[in-house]
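Asker: Following this line is my_file21.pdb, made up of PDB, C-alpha atoms:
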ATOM      1  CA  MET A 240       0.000   0.000   0.000
ATOM      2  CA  LYS A 241       1.100   3.545  -0.748
ATOM      3  CA  THR A 242      -0.056   6.770   0.820
ATOM      4  CA  PHE A 243      -0.270   9.980  -1.182
ATOM      5  CA  LEU A 244      -0.105  13.223   0.781
ATOM      6  CA  ASN A 245      -1.567  16.123  -1.186
ATOM      7  CA  ILE A 246       0.543  19.144  -0.256
ATOM      8  CA  GLY A 247      -1.202  22.492  -0.681
ATOM      9  CA  VAL A 248       1.679  24.412   0.941
ATOM     10  CA  GLY A 249      -0.681  25.799   3.554
ATOM     11  CA  VAL A 250      -1.125  25.444   7.282
ATOM     12  CA  ASN A 251      -2.859  22.052   7.156
ATOM     13  CA  SER A 252      -0.378  20.244   4.924
ATOM     14  CA  THR A 253       2.466  21.808   6.922
ATOM     15  CA  ALA A 254       0.866  20.454  10.114
ATOM     16  CA  ILE A 255       0.723  16.961   8.594
ATOM     17  CA  LEU A 256       4.399  17.134   7.613
ATOM     18  CA  ALA A 257       5.220  18.298  11.151
ATOM     19  CA  LEU A 258       3.270  15.385  12.652
ATOM     20  CA  ILE A 259       5.220  12.972  10.449
ATOM     21  CA  LYS A 260       8.537  14.590  11.367
ATOM     22  CA  LEU A 261       7.672  14.461  15.081
ATOM     23  CA  GLY A 262       6.685  10.798  14.833
ATOM     24  CA  ARG A 263       3.041  11.450  15.717
ATOM     25  CA  LEU A 264       1.770  10.269  12.322
ATOM     26  CA  THR A 265       3.012   7.240  10.433
ATOM     27  CA  LEU A 266       2.026   6.624   6.821
ATOM     28  CA  ASP A 267       2.567   3.538   4.661
ATOM     29  CA  ASN A 268       5.058   4.260   1.847
ATOM     30  CA  PRO A 269       4.233   7.984   1.736
ATOM     31  CA  LEU A 270       4.648  10.181  -1.319
ATOM     32  CA  ALA A 271       4.068  13.940  -0.893
ATOM     33  CA  VAL A 272       2.744  15.708  -3.990
ATOM     34  CA  PHE A 273       2.174  19.383  -4.814
ATOM     35  CA  ALA A 274      -0.039  20.193  -7.818
ATOM     36  CA  ASP A 275       1.451  23.340  -9.344
ATOM     37  CA  VAL A 276      -1.078  25.349 -11.371
ATOM     38  CA  GLY A 277       1.736  27.671 -12.424
ATOM     39  CA  ALA A 278       0.012  30.732 -11.040
ATOM     40  CA  GLU A 279       0.611  30.699  -7.300
ATOM     41  CA  LYS A 280       1.818  33.758  -5.443
ATOM     42  CA  PRO A 281       5.608  34.124  -5.204
ATOM     43  CA  GLU A 282       5.359  33.581  -1.447
ATOM     44  CA  THR A 283       3.769  30.180  -2.054
ATOM     45  CA  TYR A 284       6.688  29.075  -4.222
ATOM     46  CA  GLU A 285       9.170  30.445  -1.665
ATOM     47  CA  TYR A 286       7.458  28.502   1.099
ATOM     48  CA  LEU A 287       7.370  25.381  -1.084
ATOM     49  CA  GLU A 288      11.155  25.620  -1.455
ATOM     50  CA  TYR A 289      11.492  26.016   2.313
ATOM     51  CA  LEU A 290       9.243  22.992   2.928
ATOM     52  CA  LYS A 291      11.256  20.901   0.485
ATOM     53  CA  GLY A 292      14.308  21.589   2.651
ATOM     54  CA  VAL A 293      12.745  20.639   5.999
ATOM     55  CA  SER A 294      10.132  18.057   5.013
ATOM     56  CA  PRO A 295      10.562  14.487   6.231
ATOM     57  CA  LEU A 296       9.295  13.426   2.782
ATOM     58  CA  LYS A 297      10.495  14.319  -0.691
ATOM     59  CA  ILE A 298       7.905  16.640  -2.215
ATOM     60  CA  HIS A 299       7.062  15.751  -5.812
ATOM     61  CA  ILE A 300       5.683  18.488  -8.050
ATOM     62  CA  VAL A 301       3.128  17.764 -10.768
ATOM     63  CA  LYS A 302       1.627  20.087 -13.357
ATOM     64  CA  ALA A 303      -1.255  19.938 -15.801
ATOM     65  CA  THR A 304       0.082  18.152 -18.871
ATOM     66  CA  ASN A 305      -1.354  20.256 -21.697
ATOM     67  CA  GLU A 306       1.436  22.762 -22.355
ATOM     68  CA  LYS A 307      -0.703  24.652 -24.909
ATOM     69  CA  LYS A 308      -2.819  25.934 -22.040
ATOM     70  CA  GLY A 309       0.159  27.406 -20.190
ATOM     71  CA  ASN A 310      -0.622  28.068 -16.535
ATOM     72  CA  LEU A 311      -4.029  28.569 -14.950
ATOM     73  CA  TYR A 312      -3.762  32.372 -15.089
ATOM     74  CA  LYS A 313      -2.849  32.382 -18.795
ATOM     75  CA  TYR A 314      -5.564  29.879 -19.647
ATOM     76  CA  CYS A 315      -8.250  31.903 -17.858
ATOM     77  CA  LYS A 316      -7.085  35.184 -19.360
ATOM     78  CA  GLU A 317      -6.969  33.862 -22.928
ATOM     79  CA  SER A 318     -10.293  32.032 -22.522
ATOM     80  CA  LYS A 319     -11.878  35.062 -20.827
ATOM     81  CA  ILE A 320     -13.143  32.973 -17.929
ATOM     82  CA  LEU A 321     -12.679  32.941 -14.178
ATOM     83  CA  PRO A 322     -11.996  30.009 -11.885
ATOM     84  CA  GLN A 323     -15.183  29.366  -9.929
ATOM     85  CA  ARG A 324     -15.298  27.810  -6.499
ATOM     86  CA  TYR A 325     -18.660  26.137  -7.099
ATOM     87  CA  MET A 326     -18.048  24.876 -10.638
ATOM     88  CA  ARG A 327     -14.653  23.366  -9.677
ATOM     89  CA  TRP A 328     -13.555  22.919 -13.319
ATOM     90  CA  CYS A 329     -10.138  24.426 -12.574
ATOM     91  CA  THR A 330      -9.571  22.177  -9.560
ATOM     92  CA  HIS A 331     -10.252  19.099 -11.646
ATOM     93  CA  ARG A 332      -8.178  20.145 -14.655
ATOM     94  CA  TRP A 333      -5.253  21.798 -12.881
ATOM     95  CA  LYS A 334      -4.964  19.810  -9.644
ATOM     96  CA  ARG A 335      -6.963  16.570  -9.499
ATOM     97  CA  SER A 336      -6.056  15.262 -12.952
ATOM     98  CA  PRO A 337      -2.282  15.731 -12.495
ATOM     99  CA  LEU A 338      -2.495  14.185  -9.007
ATOM    100  CA  GLU A 339      -4.455  11.187 -10.348
ATOM    101  CA  LYS A 340      -1.918  10.706 -13.138
ATOM    102  CA  PHE A 341       0.932  10.792 -10.590
ATOM    103  CA  ARG A 342      -0.829   8.168  -8.453
ATOM    104  CA  LYS A 343      -1.360   5.867 -11.429
ATOM    105  CA  GLU A 344       2.322   6.175 -12.372
ATOM    106  CA  HIS A 345       3.411   5.193  -8.843
ATOM    107  CA  LEU A 346       1.015   2.326  -8.159
ATOM    108  CA  GLU A 347       1.416  -1.291  -9.153
ATOM    109  CA  THR A 348      -1.607  -2.907 -10.787
ATOM    110  CA  GLY A 349      -4.181  -3.581  -8.074
ATOM    111  CA  GLU A 350      -2.089  -1.943  -5.327
ATOM    112  CA  ASP A 351      -4.163  -0.348  -2.572
ATOM    113  CA  PHE A 352      -3.604   3.281  -1.610
ATOM    114  CA  LYS A 353      -4.709   6.080   0.688
ATOM    115  CA  ILE A 354      -4.892   9.790  -0.020
ATOM    116  CA  VAL A 355      -4.105  12.046   2.927
ATOM    117  CA  ILE A 356      -6.146  15.225   2.781
ATOM    118  CA  GLY A 357      -5.283  18.099   5.100
ATOM    119  CA  ILE A 358      -8.601  19.362   6.349
ATOM    120  CA  ALA A 359      -8.610  20.655   9.911
ATOM    121  CA  TYR A 360     -11.027  19.420  12.559
ATOM    122  CA  ASP A 361     -12.861  22.755  12.703
ATOM    123  CA  GLU A 362     -13.537  22.477   8.951
ATOM    124  CA  LYS A 363     -14.613  18.839   8.967
ATOM    125  CA  LYS A 364     -17.810  19.627   7.040
ATOM    126  CA  ARG A 365     -15.548  20.225   4.019
ATOM    127  CA  ALA A 366     -14.517  16.566   4.184
ATOM    128  CA  THR A 367     -18.035  15.150   3.883
ATOM    129  CA  ARG A 368     -17.875  14.765   0.095
ATOM    130  CA  TRP A 369     -14.925  12.367   0.506
ATOM    131  CA  MET A 370     -15.993  10.623   3.721
ATOM    132  CA  ASN A 371     -17.443   7.595   1.907
ATOM    133  CA  ASP A 372     -14.371   7.252  -0.293
ATOM    134  CA  GLU A 373     -12.355   4.298   0.999
ATOM    135  CA  HIS A 374      -9.105   5.928  -0.158
ATOM    136  CA  SER A 375      -9.422   9.269   1.668
ATOM    137  CA  PHE A 376      -7.776   9.770   5.058
ATOM    138  CA  PHE A 377      -8.094  12.889   7.244
ATOM    139  CA  PRO A 378      -5.461  12.762  10.008
ATOM    140  CA  LEU A 379      -6.143  16.282  11.320
ATOM    141  CA  ILE A 380      -9.828  15.458  11.748
ATOM    142  CA  ASP A 381      -9.029  12.088  13.318
ATOM    143  CA  LEU A 382      -6.632  13.799  15.769
ATOM    144  CA  GLU A 383      -9.163  16.617  16.361
ATOM    145  CA  MET A 384      -6.611  19.210  15.312
TER     146      MET A 384
END
Starting from the coordinates I provided, produce the structure as structure tokens.

Answerer:
Amino acid sequence: MKTFLNIGVGVNSTAILALIKLGRLTLDNPLAVFADVGAEKPETYEYLEYLKGVSPLKIHIVKATNEKKGNLYKYCKESKILPQRYMRWCTHRWKRSPLEKFRKEHLETGEDFKIVIGIAYDEKKRATRWMNDEHSFFPLIDLEM
């Protein structure tokens, strides 16, 4: 079994990395993955570089594969559209698809896996859409953090 830790470079994924480093969270064959949309703030990329230096896990970086689209900002500008929180098209195209491709490349046929999702205990309602997914794991919720 492998465990994929989706790194968003925010407080929650940093907390999960800290728990791993402190020995308070153990994951089976963990792989940390950051989905780079190519349009994050400079501070996000600076913090990502910092995390790569102190993380107990190597942080892999994946990007959307269609180079013609450029980054999320360029795609939206040229298409004259905006990312929309409720439509979620950009999340699927720019984050979920590259993460799914990465998982498929790192799993043996039929190998079981877990996906660690960093949602804090006080935001546990956000996790409800994944709660019935046998692959999703919410350590911050489980630890009531």

Asker: As an MDAnalysis selection string, please: the residues near range 288-292 of chain A (cut-off 9 Å, only C-alpha atoms, same-chain neighbours under 4 positions excluded).

Answerer: chainID A and resid 248 253 256 283:284 296:298

Asker: Evaluating the PyMOL selection byres ((chain A and resi 345-357) around 7) on the displayed file yields which residues, as a list in words?

Answerer: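 Selection result, ordered by chain and number: Met240, Lys241, Thr242, Phe243, Leu244, Asn245, Asn251, Ser252, Phe341, Arg342, Lys343, Glu344, Ile358, Ala359, His374, Ser375, Phe376, Phe377 and Leu379 of chain A.
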
Asker: In Å, how far is it from CA of Pro295 in chain A to CA of Asp267 in chain A?

Answerer: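 Rounded to one decimal, the two atoms are 13.6 Å apart.
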
Asker: Please report the interatomic distance between CA of Leu287 in chain A and CA of Leu266 in chain A in Å with one decimal.

Answerer: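 That distance, rounded to one decimal, is 21.0 Å.
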
Asker: Just so the selection is clear, what residues does the PyMOL selection byres ((chain A and resi 272-277) around 9) cover here, as a PyMOL selection string?

Answerer: chain A and resi 243-248+270-271+278-279+287+297-303+309-312+333-335+337-338+341

Asker: Just checking: using all atoms listed in the file, which residue out of A:Pro281, A:Arg365, A:Ser294, A:Pro269 ends up closest to Ala254 in chain A?

Answerer: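 Once distances to Ala254 in chain A are computed over all atoms listed in the file, the minimum belongs to A:Ser294.
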
Asker: Rounded to one decimal place, report the CA of Gly249 in chain A-CA of Tyr286 in chain A distance in Å.

Answerer: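 Computing the Euclidean distance for CA of Gly249 in chain A and CA of Tyr286 in chain A yields 8.9 Å.
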
Asker: For each of A:Leu382, A:Val293, A:Glu373, A:Ala366, take the minimum atom-to-atom distance to Lys260 in chain A, counting only C-alpha atoms, then give the residue where this is smallest.

Answerer: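 Under the stated criterion, the closest residue is A:Val293.
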